[in-house]
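Novice: Below is the structure I would like to discuss, written out as structure tokens.
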Amino acid sequence: MTSEPKTLPTEARFIPKRLEEVRKRALENPEEFFAEIARELEWFKTWDKVLDDSNPPFYRWFVGGLINASYNAVDRHLKRGLRNKAAIIWEGEPGDTRVLTYYQLYREVNRFAAVLENLGLRKGDTIAFYLPMIPELPIFMLAAARLGITFTVVFSGFSAKALAERINDAKAKVLVTADGGFRRGKVIELKKIADEALEMAPSVETVIVVKNVTARGAKIDVPLTEGRDYWLHNLLPAHAKVDPVPVESTHPLFILYTSGTTGKPKGVVHSTGGYLVWVYATMKWVFDVKPDDVMFCTADIGWITGHSYVVFGPLLHGITTVMYEGAPDYPAPDRWWQIVEKYGVTIFYTAPTAIRMLMRYGEEWVKKHDLSTLRILGTVGEPINPEAWKWYYTVVGGERCPIVDTWWQTETGGIMISPAPGIQLVPLKPGSATYPLPGVDADVVCEDGSPCPPGQRGYLVIKRPWPGMLMTLWGDPERYVRTYWQRFSKPEEGKWIYYPADYAMKDEDGYFWILGRADEVIKVAGHRLGTAEIESALVSHPAVAEAAVVGKPDPVKGEVPVAFVVLRQGYTPSEELRHELVEHVRKTLGPIAVPAAIFFVEKLPKTRSGKIMRRVIKAVLLGKTPGDLTTLEDEASLDEIRRALEEFK
Ligand code: ATP
Ligand code: MG
């Protein structure tokens, strides 16, 4: 990489020539561009056509091609001299560790695949995984992929009801779970939750149980149902060779239910070929992968970030991926930094919610560790408040590491808008995801679909297909069209526009700023404001650790912003502070954005993936029922909102 400036004096007019050139090439000739990247993976048969767009919006990539995900993530590297390289470094919450070299991973994937094959599972079947962050989870994913079995991973923090809903929707025949998982020193008895789910999920004929916590000293009983449930270790052959099944590029690799921040989860279906190519490419561009990299993506594999950047991304590149089982602040707030130091992590990827939490504990926890191996820091999941960005950049990255703020979704398969140090690092602006990646034709449009001028807020859209895109929603193609393609497409003109439902702005330099979710935009006296704008203004005050802003109907202004604020350690709620925060927002954003009320709370309602659930806050504020709560992390957070509202009365 050359010596481009790392941070940005906004007035600097920097022209990212190399990036522009690559982006231009990708848009001018996408088929050739993506074929070139796809050839870096191994195909059993090359595709006949790179992009089949004959039936929009059901786009199909690399049609006619035959490929296998497990072969590309594992077997391929054995021939490249990587047999003895660590593929997975796993660290358990209690501090136990396991390392699997590429050869060991290969052996395990084969043994696990034999188990699935012996159960009679074949290409076209679906399987559900309800497992904690243990190596058996990626091994099973790769084993299923080896046979063309479509898998769905259900986050192990989900309840029985949420698990049953997902199993039923995916019609899985087999469920793999564990006796339990560790969380904050306690044992979560997963098998018992799974049993409860199975009473509501009749499609499951067989349950495989991984001996996890009981093998590590926990004393719990694990009830097995005769004829249905089997311990994994009783099914595993001592050794096995299972040939990878060549599947069509369009064969569904997995189904993943979105985190459900805004409502009923959607079963996003990802292809094999297009998905792998996209994940492979984005790893190169965004994380600038080098052979010696050790990547620590903190997301649970139950989310898309874990699928793409704990499992497939690093393994497709033959680098080392670090998997950690526990919470970032257990037993102490430096747990992650300990891991970074211990394994010499070079690429670290996490979410704004975690950064804000760790920031709240203070920088001494970070400073205790040698983090000099870090090279690139990433964030994903929500807009990152500039304040949190700066802390991450300075305290964690020692002002050495670029922050890649990556915008994408479960639906997009991989990163879409982000700095791309693997191509050319552009000057960074805290809070902006910078430019779309090559092949991503993103724009910001107004209500009527016309392009928004620079600086004007509007809706993010993607104007053409990309390899990592979802193929459909499982069993509901009509909902797929309605949810993502109806808003701005003009089928009669042959124009298909993907709508991610995010609110955004492009600035004078063409940088993209994600301002929040489209359905959470606040309309004050004819002005529209993204939730992220007001929240970031609040978080830029030294007293504020975290903030959630929602719109409340107002007879005069249409809507007014109302804020819920979590204070940093050492600050206490007061009338004075409330007043100060109001003034602070007024100064930062102007009178329009000033919250009509500010409530102090101890915590905010979040999804289990750590995103603020504004729709739930809004429902409580308006005295309505909050709707689907399956992904809500902590019910007590709702009482907290109610308490704050009550006190204010
Ligand atoms: P659901 O679609 O079920 O409501 P969800 O949208 O939270 O759930 P995900 O696919 O995990 O499910 O999240 C994608 C969303 O997260 C994006 O649409 C966007 O709103 C937000 N997001 C992700 N990355 C960023 C980022 N870097 N900056 C701003 N927002 C982001
Ligand atoms: Mg979404």
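Just so we're on the same page: first chain in the structure tokens is A, next is B, and so on; residues restart at 1 for each chain, and ligands are numbered from 1 in the order they show up.
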Select from range 171-282 of chain A every residue with an atom at most 7 Å from any atom of range 116-137 of chain A, then for each give the shortest pair of atoms and their distance in Å to one decimal, using only C-alpha atoms, rows by chain and rising number, as CSV.

Specialist:
residue,atom,partner,partner_atom,distance
A:Lys171,CA,A:Thr126,CA,6.8
A:Ala172,CA,A:Ile127,CA,4.8
A:Lys173,CA,A:Ile127,CA,6.0
A:Val174,CA,A:Ile127,CA,5.1
A:Leu175,CA,A:Ala128,CA,4.8
A:Val176,CA,A:Phe129,CA,4.9
A:Thr177,CA,A:Tyr130,CA,4.8
A:Ala178,CA,A:Leu131,CA,6.0
A:Gly181,CA,A:Pro132,CA,5.7

Novice: Hey, can you spit out that residue selection with all heavy atoms as a compact mmCIF listing (two decimals), in the first residue's frame?

Specialist:
# COMPACT_ATOMS: atom_id res chain seq x y z
N LYS A 171 -38.03 -26.06 7.21
CA LYS A 171 -38.40 -27.48 7.10
C LYS A 171 -37.19 -28.40 7.27
O LYS A 171 -36.97 -29.33 6.47
CB LYS A 171 -39.08 -27.76 5.76
CG LYS A 171 -40.36 -26.94 5.60
CD LYS A 171 -41.26 -27.51 4.51
CE LYS A 171 -42.57 -26.77 4.42
NZ LYS A 171 -42.42 -25.30 4.26
N ALA A 172 -36.41 -28.15 8.30
CA ALA A 172 -35.21 -28.96 8.54
C ALA A 172 -35.59 -30.34 9.06
O ALA A 172 -36.49 -30.48 9.87
CB ALA A 172 -34.32 -28.25 9.54
N LYS A 173 -34.85 -31.35 8.57
CA LYS A 173 -35.10 -32.73 9.00
C LYS A 173 -34.25 -33.09 10.20
O LYS A 173 -34.54 -34.00 10.95
CB LYS A 173 -34.70 -33.68 7.87
CG LYS A 173 -35.65 -33.77 6.74
CD LYS A 173 -35.27 -35.02 5.96
CE LYS A 173 -35.93 -35.04 4.60
NZ LYS A 173 -35.31 -36.06 3.75
N VAL A 174 -33.09 -32.42 10.26
CA VAL A 174 -32.15 -32.74 11.33
C VAL A 174 -31.79 -31.46 12.05
O VAL A 174 -31.63 -30.41 11.43
CB VAL A 174 -30.87 -33.40 10.75
CG1 VAL A 174 -29.81 -33.60 11.82
CG2 VAL A 174 -31.22 -34.73 10.08
N LEU A 175 -31.69 -31.57 13.37
CA LEU A 175 -31.23 -30.44 14.17
C LEU A 175 -29.94 -30.86 14.87
O LEU A 175 -29.88 -31.94 15.44
CB LEU A 175 -32.29 -30.06 15.21
CG LEU A 175 -31.84 -29.01 16.24
CD1 LEU A 175 -31.69 -27.64 15.60
CD2 LEU A 175 -32.83 -28.93 17.41
N VAL A 176 -28.95 -30.01 14.82
CA VAL A 176 -27.74 -30.26 15.59
C VAL A 176 -27.69 -29.23 16.71
O VAL A 176 -27.81 -28.03 16.47
CB VAL A 176 -26.46 -30.14 14.73
CG1 VAL A 176 -25.23 -30.49 15.58
CG2 VAL A 176 -26.54 -31.03 13.50
N THR A 177 -27.53 -29.71 17.93
CA THR A 177 -27.42 -28.79 19.05
C THR A 177 -26.32 -29.30 19.99
O THR A 177 -25.57 -30.20 19.64
CB THR A 177 -28.80 -28.62 19.75
OG1 THR A 177 -28.67 -27.61 20.75
CG2 THR A 177 -29.30 -29.91 20.37
N ALA A 178 -26.23 -28.69 21.17
CA ALA A 178 -25.23 -29.13 22.14
C ALA A 178 -25.92 -29.31 23.48
O ALA A 178 -27.02 -28.80 23.69
CB ALA A 178 -24.12 -28.09 22.26
N GLY A 181 -24.18 -24.34 26.52
CA GLY A 181 -23.13 -23.38 26.18
C GLY A 181 -22.83 -22.56 27.42
O GLY A 181 -23.64 -22.51 28.35

Novice: Could you give me the residues within 8 Å of ligand 1, counting only C-alpha atoms and all ligand atoms, as a ChimeraX atom specification?

Specialist: /A:257-266,303-305,379-384,405-411,417-418,431-433,500-502,513-517,607,609,611

Novice: Any chance you can output those residues with N, CA and C atoms as a tab-separated table (two decimals), in the first residue's frame?

Specialist:
chain	number	residue	atom	x	y	z
A	257	TYR	N	-31.96	-16.26	8.74
A	257	TYR	CA	-33.04	-15.36	9.11
A	257	TYR	C	-32.43	-14.04	9.59
A	258	THR	N	-32.92	-12.92	9.07
A	258	THR	CA	-32.37	-11.60	9.45
A	258	THR	C	-32.57	-11.37	10.94
A	259	SER	N	-31.83	-10.42	11.45
A	259	SER	CA	-31.85	-10.25	12.90
A	259	SER	C	-33.19	-9.77	13.45
A	260	GLY	N	-34.07	-9.32	12.59
A	260	GLY	CA	-35.41	-8.99	13.07
A	260	GLY	C	-35.52	-7.67	13.80
A	261	THR	N	-34.63	-6.76	13.49
A	261	THR	CA	-34.68	-5.45	14.14
A	261	THR	C	-36.02	-4.78	13.89
A	262	THR	N	-36.54	-4.94	12.69
A	262	THR	CA	-37.76	-4.22	12.34
A	262	THR	C	-39.02	-5.08	12.26
A	263	GLY	N	-38.94	-6.37	12.52
A	263	GLY	CA	-40.17	-7.15	12.48
A	263	GLY	C	-39.92	-8.62	12.23
A	264	LYS	N	-40.89	-9.30	11.66
A	264	LYS	CA	-40.79	-10.75	11.47
A	264	LYS	C	-39.55	-11.11	10.63
A	265	PRO	N	-38.72	-12.01	11.13
A	265	PRO	CA	-37.49	-12.36	10.41
A	265	PRO	C	-37.77	-12.95	9.03
A	266	LYS	N	-36.87	-12.62	8.11
A	266	LYS	CA	-37.01	-13.08	6.74
A	266	LYS	C	-35.96	-14.15	6.46
A	303	TRP	N	-25.12	-14.95	13.04
A	303	TRP	CA	-25.46	-13.79	12.19
A	303	TRP	C	-24.69	-13.86	10.89
A	304	ILE	N	-25.11	-13.09	9.92
A	304	ILE	CA	-24.44	-13.12	8.61
A	304	ILE	C	-22.97	-12.73	8.74
A	305	THR	N	-22.67	-11.78	9.62
A	305	THR	CA	-21.27	-11.35	9.76
A	305	THR	C	-20.39	-12.54	10.15
A	379	THR	N	-15.92	-2.20	11.44
A	379	THR	CA	-17.18	-2.14	12.17
A	379	THR	C	-18.35	-2.41	11.24
A	380	VAL	N	-19.43	-2.93	11.81
A	380	VAL	CA	-20.62	-3.28	11.04
A	380	VAL	C	-21.84	-3.39	11.94
A	381	GLY	N	-23.00	-3.15	11.37
A	381	GLY	CA	-24.24	-3.44	12.08
A	381	GLY	C	-25.14	-2.25	12.29
A	382	GLU	N	-24.53	-1.12	12.57
A	382	GLU	CA	-25.29	0.11	12.81
A	382	GLU	C	-24.37	1.24	12.36
A	383	PRO	N	-24.95	2.43	12.20
A	383	PRO	CA	-24.05	3.55	11.95
A	383	PRO	C	-23.13	3.72	13.15
A	384	ILE	N	-21.85	3.99	12.90
A	384	ILE	CA	-20.96	4.21	14.03
A	384	ILE	C	-20.91	5.71	14.32
A	405	ASP	N	-15.47	1.05	7.99
A	405	ASP	CA	-16.87	1.10	8.40
A	405	ASP	C	-17.64	0.46	7.26
A	406	THR	N	-18.14	-0.74	7.49
A	406	THR	CA	-18.68	-1.55	6.40
A	406	THR	C	-20.20	-1.58	6.44
A	407	TRP	N	-20.83	-1.04	5.42
A	407	TRP	CA	-22.28	-1.13	5.34
A	407	TRP	C	-22.67	-2.34	4.50
A	408	TRP	N	-23.52	-3.18	5.05
A	408	TRP	CA	-24.10	-4.29	4.30
A	408	TRP	C	-25.23	-4.90	5.09
A	409	GLN	N	-25.81	-5.97	4.59
A	409	GLN	CA	-26.98	-6.60	5.22
A	409	GLN	C	-26.91	-8.11	5.05
A	410	THR	N	-27.74	-8.79	5.82
A	410	THR	CA	-27.87	-10.24	5.64
A	410	THR	C	-28.11	-10.53	4.15
A	411	GLU	N	-28.94	-9.73	3.56
A	411	GLU	CA	-29.36	-9.94	2.18
A	411	GLU	C	-28.23	-9.77	1.16
A	417	ILE	N	-20.60	-1.26	0.97
A	417	ILE	CA	-20.03	0.09	0.96
A	417	ILE	C	-19.01	0.13	2.09
A	418	SER	N	-17.77	0.48	1.76
A	418	SER	CA	-16.72	0.44	2.78
A	418	SER	C	-15.42	0.95	2.19
A	431	GLY	N	-17.67	8.07	10.62
A	431	GLY	CA	-19.12	7.99	10.48
A	431	GLY	C	-19.56	7.73	9.04
A	432	SER	N	-18.62	7.80	8.10
A	432	SER	CA	-18.98	7.52	6.71
A	432	SER	C	-18.38	6.19	6.27
A	433	ALA	N	-19.17	5.41	5.53
A	433	ALA	CA	-18.68	4.13	5.01
A	433	ALA	C	-17.89	4.34	3.70
A	500	PRO	N	-32.67	-1.36	0.11
A	500	PRO	CA	-32.24	-1.95	1.39
A	500	PRO	C	-33.00	-1.39	2.60
A	501	ALA	N	-33.82	-0.35	2.38
A	501	ALA	CA	-34.58	0.28	3.47
A	501	ALA	C	-33.69	0.99	4.48
A	502	ASP	N	-32.64	1.63	3.99
A	502	ASP	CA	-31.81	2.48	4.85
A	502	ASP	C	-31.84	3.91	4.34
A	513	TRP	N	-23.04	8.28	3.64
A	513	TRP	CA	-23.30	8.32	5.08
A	513	TRP	C	-24.62	7.60	5.31
A	514	ILE	N	-24.61	6.57	6.12
A	514	ILE	CA	-25.85	5.87	6.43
A	514	ILE	C	-26.43	6.55	7.67
A	515	LEU	N	-27.67	7.00	7.55
A	515	LEU	CA	-28.24	7.83	8.61
A	515	LEU	C	-29.24	7.09	9.50
A	516	GLY	N	-29.46	5.83	9.21
A	516	GLY	CA	-30.41	5.06	10.01
A	516	GLY	C	-31.33	4.29	9.09
A	517	ARG	N	-32.32	3.66	9.69
A	517	ARG	CA	-33.26	2.87	8.89
A	517	ARG	C	-34.34	3.76	8.31
A	607	THR	N	-31.44	-5.90	19.93
A	607	THR	CA	-31.56	-7.25	19.39
A	607	THR	C	-30.43	-8.08	19.99
A	609	SER	N	-28.23	-9.35	18.44
A	609	SER	CA	-26.98	-9.02	17.75
A	609	SER	C	-26.50	-7.63	18.14
A	611	LYS	N	-28.24	-4.55	18.22
A	611	LYS	CA	-28.74	-3.32	17.60
A	611	LYS	C	-29.89	-2.74	18.40

Novice: Between A:Gln486, A:Ile462, A:Ala518, A:Thr373, which residue has the minimum interatomic distance to ligand 2, considering only C-alpha atoms and all ligand atoms?

Specialist: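 Closest candidate: A:Ala518.
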
Novice: Fewer than 4 positions away in the same chain doesn't count, so skip those; otherwise give me all residues within 6 Å of range 556-562 of chain A, counting only C-alpha atoms, as a PyMOL selection string.

Specialist: chain A and resi 523-525+549-552+595-597

Novice: Tell me which protein, DNA and RNA residues are within 7 Å of Leu232 in chain A, counting only C-alpha atoms, leaving out same-chain ones fewer than 5 positions away, and put them as a short mmCIF file (atom, residue, chain, number, x, y, z; two decimals) with C-alpha atoms, in the first residue's frame.

Specialist:
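Below is the file that was written, part.cif:
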data_model
loop_
_atom_site.label_atom_id
_atom_site.label_comp_id
_atom_site.auth_asym_id
_atom_site.auth_seq_id
_atom_site.Cartn_x
_atom_site.Cartn_y
_atom_site.Cartn_z
CA ILE A 208 -27.44 -34.68 17.02
CA VAL A 209 -26.07 -33.47 20.34
CA VAL A 210 -22.53 -32.17 20.75
#

Novice: Taking 6 positions as the minimum chain separation for residues in the same chain, which residues sit within 10 Å of range 236-238 of chain A when counting only C-alpha atoms? Answer as an MDAnalysis selection string.

Specialist: chainID A and resid 107:108 110:116 118

Novice: Any chance you could export the current selection's N, CA, C and O atoms as a short mmCIF file (atom, residue, chain, number, x, y, z; two decimals), in the first residue's frame?

Specialist:
data_model
loop_
_atom_site.label_atom_id
_atom_site.label_comp_id
_atom_site.auth_asym_id
_atom_site.auth_seq_id
_atom_site.Cartn_x
_atom_site.Cartn_y
_atom_site.Cartn_z
N ARG A 107 -9.88 -33.16 8.12
CA ARG A 107 -10.25 -34.45 8.70
C ARG A 107 -11.61 -34.37 9.41
O ARG A 107 -12.47 -35.23 9.24
N GLU A 108 -11.78 -33.32 10.19
CA GLU A 108 -13.03 -33.19 10.94
C GLU A 108 -14.22 -32.99 10.02
O GLU A 108 -15.27 -33.59 10.22
N ASN A 110 -14.60 -34.03 7.07
CA ASN A 110 -14.91 -35.32 6.45
C ASN A 110 -15.65 -36.25 7.41
O ASN A 110 -16.61 -36.91 7.04
N ARG A 111 -15.18 -36.30 8.65
CA ARG A 111 -15.86 -37.16 9.64
C ARG A 111 -17.30 -36.69 9.88
O ARG A 111 -18.23 -37.49 9.94
N PHE A 112 -17.46 -35.38 10.02
CA PHE A 112 -18.81 -34.85 10.28
C PHE A 112 -19.71 -35.08 9.07
O PHE A 112 -20.90 -35.39 9.21
N ALA A 113 -19.13 -34.93 7.88
CA ALA A 113 -19.92 -35.16 6.67
C ALA A 113 -20.38 -36.62 6.61
O ALA A 113 -21.51 -36.92 6.19
N ALA A 114 -19.51 -37.52 7.07
CA ALA A 114 -19.90 -38.93 7.08
C ALA A 114 -21.11 -39.15 7.98
O ALA A 114 -22.01 -39.94 7.67
N VAL A 115 -21.14 -38.44 9.10
CA VAL A 115 -22.28 -38.57 10.01
C VAL A 115 -23.57 -38.15 9.29
O VAL A 115 -24.59 -38.85 9.34
N LEU A 116 -23.51 -37.05 8.59
CA LEU A 116 -24.71 -36.56 7.90
C LEU A 116 -25.12 -37.51 6.78
O LEU A 116 -26.30 -37.80 6.58
N ASN A 118 -24.47 -40.70 6.66
CA ASN A 118 -25.02 -41.92 7.25
C ASN A 118 -26.45 -41.75 7.73
O ASN A 118 -27.19 -42.72 7.85
#

Novice: Identify which of the residues A:Phe564, A:Phe33, A:Tyr230, A:Trp336 lies closest to Leu645 in chain A, counting only C-alpha atoms when measuring atom-to-atom distances.

Specialist: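 Smallest separation from Leu645 in chain A among the options: A:Phe564.
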
Novice: Using only C-alpha atoms and all ligand atoms, find the one residue out of A:Ile339, A:Leu66, A:Ile497, A:Val268 that sits nearest to ligand 2.

Specialist: A:Val268

Novice: Could you please determine the separation between CA of Pro331 in chain A and CA of Thr350 in chain A in Å, to one decimal place?

Specialist: 18.8 Å

Novice: As an NGL selection string, please: every residue in range 105-300 of chain A that DSSP puts in alpha helix (DSSP H).

Specialist: :A and (105-118 or 136-147 or 160-170 or 190-198 or 232-235 or 273-287)

Novice: Do you know which residues are at most 9 Å from Lys463 in chain A counting only C-alpha atoms, after dropping those on the same chain fewer than 3 positions away, and could you put them as a ChimeraX atom specification?

Specialist: /A:440-443,495-499

Novice: I'd like the neighbourhood of Pro291 in chain A as a PyMOL selection string, where a residue qualifies if any of its atoms comes within 7 Å (using only C-alpha atoms), though same-chain residues fewer than 2 positions away should be ignored.

Specialist: chain A and resi 289+293+319

Novice: So that I can check the secondary structure, give me every residue of range 301-527 of chain A assigned strand (DSSP E) by backbone DSSP, as an NGL selection string.

Specialist: :A and (320-324 or 347-350 or 376-379 or 403-405 or 442-445 or 457-462 or 472-473 or 502-506 or 512-517 or 522-524 or 527)

Novice: Which one of A:Phe158, A:Trp278, A:Phe600, A:Tyr309 sits closest to Phe296 in chain A if you count only C-alpha atoms?

Specialist: A:Tyr309

Novice: Restricting the calculation to only C-alpha atoms: of A:Ile67, A:Val311, A:Ala201, A:Ala548, which residue gets closest to Leu142 in chain A?

Specialist: A:Val311
